$ cat protein_6.txt   # compact mmCIF, C-alpha atoms
# COMPACT_ATOMS: atom_id res chain seq x y z
CA MET A 67 0.00 0.00 0.00
CA THR A 68 1.22 3.49 -0.76
CA SER A 69 2.47 5.35 2.29
CA HIS A 70 0.18 8.08 3.62
CA LEU A 71 3.21 9.70 5.20
CA GLY A 72 5.36 11.98 3.14
CA ALA A 73 8.54 10.79 4.80
CA ALA A 74 8.10 8.01 7.30
CA ALA A 75 11.67 8.39 8.56
CA SER A 76 11.00 11.88 9.89
CA ALA A 77 7.49 11.27 11.23
CA SER A 78 6.78 11.37 14.95
CA ASP A 79 5.89 8.12 16.68
CA PRO A 80 2.21 9.07 17.15
CA ASP A 81 1.99 10.04 13.48
CA LEU A 82 3.52 6.73 12.50
CA VAL A 83 0.98 4.78 14.55
CA ALA A 84 -1.84 6.88 13.08
CA ALA A 85 -0.53 5.96 9.62
CA VAL A 86 -0.38 2.30 10.64
CA ALA A 87 -4.05 2.58 11.59
CA GLN A 88 -4.70 3.75 8.03
CA GLY A 89 -3.07 0.60 6.69
CA ASP A 90 0.27 2.18 5.80
CA GLU A 91 2.82 -0.60 5.53
CA GLN A 92 5.74 1.82 5.26
CA ALA A 93 4.75 3.27 8.61
CA VAL A 94 4.94 -0.10 10.36
CA ALA A 95 8.24 -0.72 8.59
CA GLU A 96 9.57 2.52 10.06
CA VAL A 97 8.35 1.58 13.56
CA TYR A 98 10.14 -1.72 13.07
CA ARG A 99 13.33 0.06 12.00
CA ARG A 100 13.24 2.28 15.08
CA TYR A 101 12.30 -0.16 17.79
CA SER A 102 12.72 -3.76 16.71
CA GLY A 103 16.21 -3.78 18.23
CA ALA A 104 14.81 -3.05 21.69
CA VAL A 105 11.88 -5.43 21.21
CA TRP A 106 14.28 -8.12 20.09
CA ALA A 107 16.65 -7.48 22.98
CA VAL A 108 14.01 -7.88 25.68
CA ALA A 109 12.45 -10.88 23.95
CA GLN A 110 15.77 -12.66 23.62
CA ARG A 111 16.84 -11.93 27.19
CA VAL A 112 13.61 -13.17 28.72
CA CYS A 113 12.99 -16.11 26.37
CA GLY A 114 16.59 -17.22 26.31
CA ASP A 115 16.29 -18.78 22.88
CA ARG A 116 16.29 -17.34 19.41
CA ALA A 117 13.23 -19.11 18.02
CA SER A 118 10.94 -17.93 20.82
CA ALA A 119 12.37 -14.42 20.62
CA GLU A 120 11.62 -14.35 16.90
CA ASP A 121 8.03 -15.41 17.57
CA VAL A 122 7.65 -12.69 20.20
CA CYS A 123 9.14 -10.06 17.93
CA GLN A 124 6.87 -10.98 15.04
CA THR A 125 3.83 -11.04 17.26
CA VAL A 126 4.52 -7.58 18.66
CA PHE A 127 4.77 -5.93 15.26
CA VAL A 128 1.94 -7.86 13.64
CA ASP A 129 -0.20 -6.92 16.66
CA LEU A 130 0.70 -3.28 16.17
CA TRP A 131 -0.46 -3.61 12.58
CA ARG A 132 -3.69 -5.31 13.55
CA ARG A 133 -4.53 -3.28 16.65
CA PRO A 134 -2.77 0.07 16.47
CA GLU A 135 -5.48 1.62 18.64
CA ARG A 136 -4.01 -0.20 21.62
CA PHE A 137 -1.17 2.27 21.71
CA ASP A 138 -2.23 5.46 23.43
CA PRO A 139 0.29 8.25 22.87
CA GLN A 140 -1.17 10.12 25.86
CA ARG A 141 -0.10 7.28 28.13
CA GLY A 142 3.50 6.80 27.22
CA LYS A 143 6.13 6.47 24.57
CA LEU A 144 5.93 4.02 21.73
CA ARG A 145 9.28 2.42 22.54
CA SER A 146 8.43 1.65 26.14
CA TRP A 147 4.99 0.43 25.13
CA LEU A 148 6.43 -1.95 22.55
CA VAL A 149 9.06 -3.16 25.02
CA ALA A 150 6.30 -3.81 27.58
CA GLN A 151 4.32 -5.75 24.97
CA ALA A 152 7.38 -7.82 24.11
CA HIS A 153 8.18 -8.44 27.77
CA ALA A 154 4.66 -9.64 28.53
CA ARG A 155 4.69 -11.96 25.53
CA ALA A 156 8.11 -13.29 26.42
CA VAL A 157 7.03 -13.93 30.01
CA ASP A 158 4.06 -15.87 28.67
CA VAL A 159 6.49 -17.99 26.68
CA VAL A 160 8.81 -18.76 29.59
CA ARG A 161 5.96 -19.46 31.98
CA SER A 162 4.22 -21.87 29.65
CA GLU A 163 4.23 -25.38 30.99
CA THR A 164 6.19 -26.84 28.11
CA SER A 165 8.80 -24.16 28.48
CA ARG A 166 9.09 -24.86 32.20
CA GLN A 167 9.59 -28.53 31.48
CA ARG A 168 12.24 -27.83 28.84
CA ARG A 169 14.12 -25.57 31.20
CA GLN A 170 13.95 -28.08 34.03
CA GLU A 171 15.12 -30.89 31.76
CA ARG A 172 17.96 -28.79 30.41
CA ALA A 173 18.98 -27.76 33.93
CA ALA A 174 18.89 -31.38 35.08
CA ARG A 175 21.07 -32.50 32.15
CA MET A 176 23.59 -29.74 32.49
CA ALA A 177 23.87 -29.47 36.23
CA PRO A 178 24.09 -32.58 38.38
CA THR A 179 24.39 -30.24 41.34
CA PRO A 180 21.34 -28.42 42.73
CA PRO A 181 20.02 -25.57 40.59
CA PRO A 182 21.64 -22.18 41.20
CA SER A 183 20.26 -19.95 43.89
CA GLY A 184 18.51 -16.72 43.07
CA ASP A 185 21.66 -14.80 43.87
CA VAL A 186 23.64 -16.78 41.32
CA GLU A 187 20.92 -16.51 38.68
CA ALA A 188 20.64 -12.77 39.28
CA ALA A 189 24.40 -12.36 38.98
CA SER A 190 24.41 -14.34 35.76
CA LEU A 191 21.58 -12.29 34.29
CA LEU A 192 23.24 -9.08 35.40
CA ALA A 193 26.54 -10.06 33.81
CA SER A 194 24.80 -10.55 30.48
CA LEU A 195 23.47 -6.99 30.36
CA ALA A 196 25.04 -4.07 28.57
CA ASP A 197 27.57 -2.13 30.64
CA HIS A 198 25.49 1.00 31.08
CA VAL A 199 22.45 -1.02 32.17
CA ARG A 200 24.52 -3.01 34.63
CA ARG A 201 26.04 0.16 36.05
CA ALA A 202 22.58 1.65 36.54
CA LEU A 203 21.31 -1.46 38.30
CA ASP A 204 24.44 -1.69 40.41
CA ARG A 205 23.57 1.63 41.98
CA LEU A 206 20.49 0.08 43.54
CA ALA A 207 20.67 -1.80 46.83
CA ALA A 208 21.76 -5.35 46.01
CA ASP A 209 18.59 -6.93 47.40
CA ASP A 210 16.36 -4.59 45.40
CA ARG A 211 18.45 -5.05 42.27
CA ASP A 212 18.42 -8.86 42.42
CA ALA A 213 14.65 -8.96 42.86
CA ILE A 214 14.14 -6.72 39.83
CA VAL A 215 16.64 -8.60 37.69
CA LEU A 216 15.09 -11.98 38.48
CA ALA A 217 11.56 -10.77 37.85
CA TYR A 218 12.22 -8.62 34.79
CA PHE A 219 15.01 -10.39 32.95
CA GLY A 220 14.42 -13.83 34.44
CA GLY A 221 10.70 -13.68 33.74
CA HIS A 222 9.92 -14.97 37.25
CA SER A 223 6.75 -14.14 39.13
CA TYR A 224 7.30 -12.38 42.43
CA ARG A 225 6.45 -15.59 44.25
CA GLU A 226 9.11 -17.46 42.27
CA THR A 227 11.51 -14.59 42.87
CA ALA A 228 10.85 -14.80 46.60
CA ALA A 229 11.47 -18.55 46.56
CA LEU A 230 14.68 -18.13 44.57
CA LEU A 231 15.96 -15.49 46.96
CA GLY A 232 14.73 -17.28 50.06
CA ALA A 233 12.93 -14.14 51.14
CA PRO A 234 9.33 -13.57 52.27
CA GLU A 235 6.99 -12.63 49.44
CA GLY A 236 6.02 -9.37 51.11
CA THR A 237 9.66 -8.41 51.40
CA VAL A 238 10.25 -9.10 47.72
CA LYS A 239 7.22 -7.00 46.82
CA SER A 240 8.64 -4.10 48.77
CA ARG A 241 12.10 -4.57 47.28
CA ILE A 242 10.78 -4.54 43.74
CA ARG A 243 8.77 -1.37 44.24
CA ARG A 244 11.59 0.35 46.07
CA GLY A 245 14.05 -0.69 43.38
CA LEU A 246 11.80 0.43 40.58
CA GLU A 247 11.26 3.80 42.20
CA GLY A 248 15.00 4.13 42.73
CA LEU A 249 15.57 3.36 39.10
CA ARG A 250 13.08 6.01 38.10
CA ARG A 251 14.75 8.61 40.29
CA MET A 252 18.12 7.68 38.86
CA LEU A 253 16.96 7.97 35.29
CA GLU A 254 15.28 11.29 35.99
CA ALA A 255 18.48 12.57 37.54
CA GLU A 256 20.25 11.58 34.34
CA GLY A 257 17.79 13.58 32.31
CA VAL A 258 15.74 10.73 30.95
CA THR A 259 12.21 12.02 30.55
CA LEU A 260 9.69 9.70 32.14
CA MET B 87 3.67 10.08 47.86
CA SER B 88 5.08 8.43 44.80
CA PRO B 89 8.32 10.19 43.91
CA VAL B 90 7.28 10.68 40.31
CA THR B 91 3.56 11.03 39.98
CA GLY B 92 2.84 12.42 43.43
CA HIS B 93 0.53 9.48 43.78
CA PRO B 94 -0.88 9.28 47.30
CA ARG B 95 0.18 6.15 49.09
CA SER B 96 -3.25 5.15 50.11
CA GLU B 97 -4.63 1.70 50.65
CA ARG B 98 -6.89 2.39 47.69
CA HIS B 99 -3.93 2.29 45.31
CA PRO B 100 -2.14 -1.06 45.07
CA LEU B 101 1.29 0.49 44.53
CA ASP B 102 3.31 -2.58 45.49
CA ASN B 103 1.32 -4.74 43.13
CA LEU B 104 1.45 -2.08 40.44
CA ALA B 105 5.25 -2.28 40.43
CA LEU B 106 5.04 -6.07 40.22
CA TYR B 107 2.51 -5.77 37.43
CA ALA B 108 4.87 -3.53 35.46
CA LEU B 109 7.43 -6.33 35.64
CA ASP B 110 4.82 -8.92 34.61
CA ALA B 111 5.58 -10.52 37.97
CA LEU B 112 1.97 -10.85 39.10
CA GLU B 113 -0.13 -13.84 38.18
CA GLY B 114 -3.73 -14.94 38.43
CA ASP B 115 -6.18 -13.09 40.63
CA GLU B 116 -3.60 -10.59 41.78
CA ALA B 117 -3.00 -9.46 38.20
CA VAL B 118 -6.74 -9.34 37.58
CA GLY B 119 -7.17 -7.19 40.69
CA VAL B 120 -4.64 -4.67 39.46
CA GLU B 121 -6.28 -4.61 36.04
CA ALA B 122 -9.65 -3.92 37.61
CA HIS B 123 -8.15 -1.04 39.57
CA LEU B 124 -6.38 0.34 36.52
CA GLU B 125 -9.62 0.52 34.60
CA ASP B 126 -10.90 3.11 37.04
CA CYS B 127 -7.73 4.87 38.14
CA ALA B 128 -6.01 7.28 35.76
CA MET B 129 -3.28 7.97 38.33
CA CYS B 130 -2.30 4.32 38.49
CA ARG B 131 -2.36 4.08 34.70
CA LEU B 132 0.10 6.97 34.64
CA GLU B 133 2.19 5.32 37.34
CA LEU B 134 2.26 2.11 35.31
CA ALA B 135 3.32 3.97 32.17
CA ILE B 136 6.18 5.58 34.09
CA HIS B 137 7.26 2.21 35.48
CA GLU B 138 7.25 0.82 31.95
CA GLU B 139 9.31 3.74 30.73
CA ALA B 140 11.90 3.17 33.46
CA LEU B 141 12.07 -0.54 32.68
CA SER B 142 12.42 0.08 28.96
CA ALA B 143 15.54 2.11 29.78
CA LEU B 144 17.09 -1.19 30.91
CA VAL B 145 16.69 -2.59 27.41
CA GLU B 146 19.44 -1.72 24.99
CA ASP B 147 18.73 -0.85 21.38
CA GLY B 148 20.28 -3.66 19.41
CA PRO B 149 20.31 -4.13 15.68
CA PRO B 150 16.98 -5.04 14.13
CA PRO B 151 16.39 -8.77 14.14
CA GLU B 152 16.07 -10.49 10.81
CA VAL B 153 12.39 -11.15 11.10
CA TRP B 154 10.99 -8.28 9.06
CA ASP B 155 10.28 -10.56 6.12
CA ALA B 156 8.10 -12.73 8.33
CA VAL B 157 6.32 -9.69 9.78
CA GLN B 158 5.75 -8.29 6.31
CA SER B 159 4.40 -11.54 4.96
CA GLN B 160 1.91 -11.77 7.83
CA ILE B 161 0.84 -8.19 7.25
CA ARG B 162 0.33 -8.81 3.55
CA ALA B 163 -1.51 -12.05 4.18
CA ASP B 164 -3.98 -10.03 6.23
CA GLU B 165 -4.98 -7.87 3.31
CA VAL B 166 -8.09 -9.36 1.78
CA VAL B 167 -10.65 -8.69 -0.89
CA PRO B 168 -12.24 -5.23 -0.55
CA ILE B 169 -15.86 -4.68 0.34
CA ASN B 170 -17.41 -1.99 -1.84
CA GLY B 171 -13.99 -0.73 -2.80
CA THR B 172 -12.83 -0.26 0.78
CA PRO B 173 -9.51 -1.98 1.39
CA LEU B 174 -9.83 -4.34 4.30
CA HIS B 175 -7.33 -5.07 7.01
CA PRO B 176 -7.82 -6.94 10.20
CA VAL B 177 -8.03 -4.80 13.27
CA GLY B 178 -9.80 -4.64 16.56
CA PRO B 179 -11.18 -7.44 18.63
CA THR B 180 -10.50 -10.78 17.05
CA PRO B 181 -12.06 -14.13 17.76
CA ALA B 182 -10.47 -15.58 20.86
CA HIS B 183 -9.17 -18.62 19.07
CA SER B 184 -7.14 -16.51 16.68
CA ASP B 185 -5.17 -14.75 19.38
CA GLN B 186 -3.86 -17.62 21.44
CA SER B 187 -0.46 -16.03 21.73
CA ALA B 188 -1.91 -13.21 23.80
CA GLY B 189 -2.18 -15.60 26.71
CA ARG B 190 -2.94 -14.22 30.12
CA ARG B 191 -1.45 -10.87 29.21
CA GLY B 192 -4.29 -10.19 26.76
CA MET B 193 -6.26 -8.63 29.56
CA ARG B 194 -3.47 -6.32 30.50
CA ARG B 195 -3.05 -5.15 26.96
CA ARG B 196 -6.72 -4.35 26.65
CA LEU B 197 -6.19 -1.62 29.19
CA ALA B 198 -4.57 0.41 26.49
CA LEU B 199 -7.94 0.54 24.82
CA LEU B 200 -9.38 2.59 27.64
CA ALA B 201 -7.92 5.90 26.66
CA ALA B 202 -8.14 5.23 22.95
CA ALA B 203 -11.74 4.11 23.00
CA ALA B 204 -13.14 7.55 22.38
CA ALA B 205 -11.20 7.95 19.18
CA VAL B 206 -11.21 4.51 17.70
CA VAL B 207 -13.79 1.87 17.10
CA ALA B 208 -12.98 -0.60 19.77
CA VAL B 209 -14.44 -3.51 21.62
CA VAL B 210 -18.16 -3.89 21.62
CA GLY B 211 -20.16 -6.41 23.52
CA VAL B 212 -21.83 -8.62 20.99
CA GLY B 213 -23.29 -11.77 22.40
CA VAL B 214 -21.15 -14.17 20.44
CA GLY B 215 -23.04 -16.95 18.81
CA THR B 216 -26.19 -16.32 20.78
CA GLN B 217 -28.52 -19.12 19.78
CA LEU B 218 -32.17 -18.38 20.26
CA THR B 219 -35.20 -20.39 19.37
CA ASN B 220 -37.93 -19.42 16.96
CA ASP B 221 -40.34 -18.09 19.54
CA ARG B 222 -41.49 -14.81 18.15
CA ASP B 223 -44.73 -14.22 20.06
CA GLY B 224 -45.98 -10.95 18.62
CA SER B 225 -45.61 -9.17 21.92
CA GLY B 226 -42.65 -7.07 20.94
CA THR B 227 -40.20 -9.50 22.38
CA LEU B 228 -38.08 -12.17 20.84
CA ALA B 229 -36.77 -14.88 23.09
CA GLY B 230 -37.43 -12.57 25.99
CA VAL B 231 -35.51 -9.66 24.52
CA SER B 232 -37.51 -6.52 23.85
CA ILE B 233 -37.57 -5.28 20.26
CA ASP B 234 -40.02 -2.47 20.90
CA GLY B 235 -37.62 0.37 20.13
CA PRO B 236 -37.25 2.21 16.84
CA THR B 237 -35.34 0.60 14.01
CA VAL B 238 -32.09 2.56 13.71
CA ALA B 239 -30.47 0.54 10.93
CA VAL B 240 -31.63 -1.82 8.22
CA LEU B 241 -29.00 -4.18 6.86
CA ALA B 242 -29.89 -5.02 3.29
CA ASP B 243 -28.62 -7.71 0.93
CA ALA B 244 -27.23 -7.13 -2.55
CA HIS B 245 -30.77 -6.75 -3.92
CA GLY B 246 -31.70 -4.11 -1.41
CA ALA B 247 -33.90 -6.40 0.67
CA GLY B 248 -33.64 -5.92 4.41
CA VAL B 249 -32.40 -9.08 6.09
CA ALA B 250 -31.47 -7.73 9.51
CA ARG B 251 -32.09 -4.61 11.54
CA VAL B 252 -30.81 -2.85 14.60
CA VAL B 253 -33.45 -1.87 17.14
CA GLY B 254 -32.61 0.96 19.49
CA ASN B 255 -34.21 0.02 22.79
CA ASP B 256 -33.99 2.29 25.81
CA ASP B 257 -31.70 -0.19 27.49
CA GLY B 258 -29.46 -0.76 24.50
CA ASP B 259 -29.38 -1.80 20.87
CA VAL B 260 -30.45 -5.19 19.65
CA LEU B 261 -29.59 -6.79 16.33
CA VAL B 262 -32.52 -8.72 14.90
CA LEU B 263 -31.58 -11.24 12.22
CA GLU B 264 -34.62 -11.94 10.09
CA LYS B 265 -33.94 -13.23 6.61
CA LEU B 266 -30.33 -14.20 6.34
CA PRO B 267 -29.78 -17.00 3.82
CA PRO B 268 -28.92 -20.48 5.09
CA LEU B 269 -25.25 -21.13 5.55
CA ALA B 270 -23.18 -24.01 4.33
CA ALA B 271 -21.80 -26.42 6.90
CA GLN B 272 -19.06 -25.09 9.15
CA ARG B 273 -19.83 -21.48 8.32
CA GLU B 274 -21.25 -18.71 10.49
CA TYR B 275 -22.11 -15.07 10.23
CA GLN B 276 -19.86 -12.34 11.59
CA LEU B 277 -20.76 -8.70 12.23
CA TRP B 278 -18.36 -5.88 11.35
CA SER B 279 -18.10 -2.16 11.75
CA VAL B 280 -16.92 -0.80 8.39
CA ASP B 281 -16.52 2.87 9.27
CA GLY B 282 -12.76 3.09 8.96
CA PRO B 283 -10.25 1.76 6.50
CA ARG B 284 -10.21 -1.51 8.36
CA PRO B 285 -13.35 -3.43 9.28
CA VAL B 286 -13.57 -4.12 12.99
CA SER B 287 -15.04 -7.42 14.09
CA LEU B 288 -18.03 -6.91 16.35
CA GLY B 289 -18.55 -10.59 17.00
CA LEU B 290 -19.99 -13.83 15.73
CA LEU B 291 -23.67 -14.33 14.97
CA GLY B 292 -23.99 -18.09 14.61
CA ASP B 293 -26.13 -19.37 11.77
CA GLY B 294 -28.32 -16.26 11.74
CA HIS B 295 -31.62 -18.10 12.06
CA ASP B 296 -34.15 -15.86 13.74
CA GLU B 297 -31.82 -14.55 16.38
CA VAL B 298 -31.69 -11.44 18.48
CA VAL B 299 -28.30 -10.30 19.67
CA PRO B 300 -27.84 -7.56 22.27
CA LEU B 301 -25.31 -5.00 21.06
CA ASN B 302 -23.18 -2.45 22.80
CA LEU B 303 -22.06 -0.46 19.80
CA PRO B 304 -19.42 2.22 20.16
CA GLY B 305 -20.69 5.69 19.29
CA SER B 306 -18.37 5.87 16.32
CA ALA B 307 -19.86 2.80 14.63
CA THR B 308 -22.26 3.98 11.94
CA LYS B 309 -21.81 1.43 9.17
CA LEU B 310 -22.34 -2.27 9.74
CA ALA B 311 -21.84 -5.33 7.58
CA ILE B 312 -22.46 -9.04 8.01
CA SER B 313 -20.24 -11.53 6.24
CA ASP B 314 -20.26 -15.30 5.79
CA GLU B 315 -17.17 -16.70 7.52
CA PRO B 316 -15.70 -20.04 8.55
CA ASP B 317 -16.79 -21.42 11.93
CA GLY B 318 -15.07 -19.46 14.65
CA GLY B 319 -14.93 -16.28 12.59
CA SER B 320 -12.12 -14.46 10.86
CA ILE B 321 -9.70 -11.75 11.78
CA ALA B 322 -10.76 -9.82 8.69
CA PRO B 323 -13.73 -10.45 6.40
CA THR B 324 -12.89 -13.30 4.06
CA GLY B 325 -16.30 -14.47 2.88
CA PRO B 326 -19.06 -12.72 0.98
CA VAL B 327 -20.76 -9.75 2.59
CA VAL B 328 -24.41 -10.74 2.80
CA ALA B 329 -25.81 -7.52 4.27
CA SER B 330 -24.79 -3.99 5.08
CA GLY B 331 -26.38 -0.79 6.25
CA ALA B 332 -25.95 2.47 8.10
CA ILE B 333 -27.12 3.43 11.56
CA VAL B 334 -29.35 6.49 11.64
CA ARG B 335 -30.56 7.43 15.06
CA PRO B 336 -33.58 9.64 15.60
CA ALA B 337 -32.65 13.18 16.59

$ encode --input "protein_6.txt" --output "structure tokens"
Amino acid sequence: MTSHLGAAASASDPDLVAAVAQGDEQAVAEVYRRYSGAVWAVAQRVCGDRASAEDVCQTVFVDLWRRPERFDPQRGKLRSWLVAQAHARAVDVVRSETSRQRRQERAARMAPTPPPSGDVEAASLLASLADHVRRALDRLAADDRDAIVLAYFGGHSYRETAALLGAPEGTVKSRIRRGLEGLRRMLEAEGVTL
Amino acid sequence: MSPVTGHPRSERHPLDNLALYALDALEGDEAVGVEAHLEDCAMCRLELAIHEEALSALVEDGPPPEVWDAVQSQIRADEVVPINGTPLHPVGPTPAHSDQSAGRRGMRRRLALLAAAAAVVAVVGVGVGTQLTNDRDGSGTLAGVSIDGPTVAVLADAHGAGVARVVGNDDGDVLVLEKLPPLAAQREYQLWSVDGPRPVSLGLLGDGHDEVVPLNLPGSATKLAISDEPDGGSIAPTGPVVASGAIVRPA
């Protein structure tokens, strides 16, 4: 379909989504060009395998094409919205029963010793992140940081996170909120508009 | 107070759970509880958006994955035969079976519809596949549903004959299916809003035999169409359009 946008590359995000709603394929291609890297990154980190991450990535952009009205520019930025969509989809993938079984089987094959504790898993996840992300998270209290890393990048529910960390569920709830608020303050201090 | 939104830390606002929800770390009833609260609380929706923005800052911008071809092919596969010259694309609420990948997060994502609902044709409450018996009793009711209100739309077939109508009752609209042709096996009727460039599915209508279907049409829906689709419905119209018509409400 012919693009309704004069120049998709210079269009604002809300204008791009409005063009997507009009069936403009070039507009969705431009959204993909801008944000598929971030969508891919979160999908791959949470899913842990390429095939699932590809499925998540496709689903996010095809969904944007099919239901562009779900993005509300008054509520937030397109990038963070797409990342949240991808994260939710990826979490669905890792929490599916078959995925749980695959992970357990793989863990059993690869590690005759007991599975790693939450601390170890958090450290491993943290080590895999980009330097600037790791530095930002390292400025949080370690307990808060580990809870966020396990839940967000590990795709664990807060109950699973509590079990992994050997902490009461209520404590983990508090840590996650405190950590998230700390992260927000930190980003604001660095001039990131929230 | 929340450090960012100035959100009062009151028991009424589930701020702990909202943070967990932003991380997709809530499951089951707890997630549903937050969603119910979000539907009514603009402050918490803002708080959630800010949480999501902070979390997205933890995600680096990598190179685009090599899946654009697959995305593009799905997008192009969605484009189907036009109705009356209007290009059709799938959009809006889709039959549940066609969106299995949404999983339990589908509910969360519907929240985004809240703020957009005023501007875009969105979800409407069609009684999907409501099957009613042939018990027209002449009393202005059909299967217990009142059809006393004025007719606000007549959906006509290709020959101009009315085969369905929308009745505007005081307590809501009702679609009355009167003369739809019999369907082949494993087919059913589907109702669409065709106001925008993309038809929006309004739900499934079963075999169309003498049914009444309560509607909750969005205000922006003024043009309706009924198409013949495979059992379970389609994301976008794929079968013939058997009836269409415009809604005209009395002043």

$ atom_distance --input "protein_6.txt" --atom1 "CA of Arg335 (chain B)" --atom2 "CA of Val238 (chain B)"
5.3 Å

$ closest_atom_pairs --input "protein_6.txt" --of "chain A" --to "chain B" --cutoff "7 Å" --atoms "all atoms listed in the file" --output "tab-separated table"
residue	atom	partner	partner_atom	distance
A:Gln88	CA	B:Pro283	CA	6.1
A:Arg99	CA	B:Pro150	CA	6.6
A:Ser102	CA	B:Pro150	CA	5.1
A:Gly103	CA	B:Gly148	CA	4.2
A:Ala104	CA	B:Asp147	CA	4.5
A:Trp106	CA	B:Pro151	CA	6.3
A:Ala107	CA	B:Gly148	CA	6.4
A:Val108	CA	B:Val145	CA	6.2
A:Glu120	CA	B:Val153	CA	6.7
A:Gln124	CA	B:Val157	CA	5.4
A:Phe127	CA	B:Val157	CA	6.8
A:Val128	CA	B:Val157	CA	6.1
A:Arg132	CA	B:Val177	CA	4.4
A:Arg133	CA	B:Val177	CA	5.1
A:Glu135	CA	B:Ala202	CA	6.2
A:Arg136	CA	B:Ala198	CA	4.9
A:Phe137	CA	B:Ala198	CA	6.2
A:Asp138	CA	B:Ala202	CA	5.9
A:Arg141	CA	B:Ala135	CA	6.2
A:Gly142	CA	B:Ala135	CA	5.7
A:Ser146	CA	B:Glu139	CA	5.1
A:Val149	CA	B:Ser142	CA	6.1
A:Ala150	CA	B:Glu138	CA	6.4
A:Ala154	CA	B:Asp110	CA	6.1
A:Arg155	CA	B:Ala188	CA	6.9
A:Asp158	CA	B:Gly189	CA	6.5
A:Val199	CA	B:Leu144	CA	5.5
A:Ala217	CA	B:Ala111	CA	6.0
A:Tyr218	CA	B:Leu109	CA	5.4
A:His222	CA	B:Ala111	CA	6.3
A:Ser223	CA	B:Ala111	CA	4.0
A:Tyr224	CA	B:Ala111	CA	5.1
A:Lys239	CA	B:Asp102	CA	6.0
A:Ser240	CA	B:Asp102	CA	6.4
A:Ile242	CA	B:Ala105	CA	6.8
A:Arg243	CA	B:Ala105	CA	5.3
A:Leu249	CA	B:Ala140	CA	6.7
A:Arg250	CA	B:Ala140	CA	5.6
A:Leu260	CA	B:Ile136	CA	5.8

$ atom_distance --input "protein_6.txt" --atom1 "CA of Leu231 (chain A)" --atom2 "CA of Val186 (chain A)"
9.6 Å

$ closest_residue --input "protein_6.txt" --among "B:Pro100, B:Pro267, B:Gly254, B:Gly305" --to "Ala117 (chain B)" --atoms "only C-alpha atoms"
B:Pro100

$ atom_distance --input "protein_6.txt" --atom1 "CA of Tyr98 (chain A)" --atom2 "CA of Ala74 (chain A)"
11.5 Å

$ closest_residue --input "protein_6.txt" --among "B:Val118, B:Ala250, B:Val262, B:Ser279" --to "Asp234 (chain B)" --atoms "only C-alpha atoms"
B:Val262

$ closest_residue --input "protein_6.txt" --among "B:Gly325, B:Pro236, B:Gly258, B:Gly331" --to "Ala270 (chain B)" --atoms "all atoms listed in the file"
B:Gly325

$ residues_around --input "protein_6.txt" --residues "region 159-162 of chain A" --least-positions-apart "4" --cutoff "8 Å" --atoms "all atoms listed in the file" --output "list in words"
Val112, Cys113, Ser118, Arg155, Arg166, Gly221 and His222 of chain A

$ write_last_selection --input "protein_6.txt" --atoms "C-alpha atoms" --output "short mmCIF file (atom, residue, chain, number, x, y, z; two decimals), in the frame of the given file"
data_model
loop_
_atom_site.label_atom_id
_atom_site.label_comp_id
_atom_site.auth_asym_id
_atom_site.auth_seq_id
_atom_site.Cartn_x
_atom_site.Cartn_y
_atom_site.Cartn_z
CA VAL A 112 13.61 -13.17 28.72
CA CYS A 113 12.99 -16.11 26.37
CA SER A 118 10.94 -17.93 20.82
CA ARG A 155 4.69 -11.96 25.53
CA ARG A 166 9.09 -24.86 32.20
CA GLY A 221 10.70 -13.68 33.74
CA HIS A 222 9.92 -14.97 37.25
#
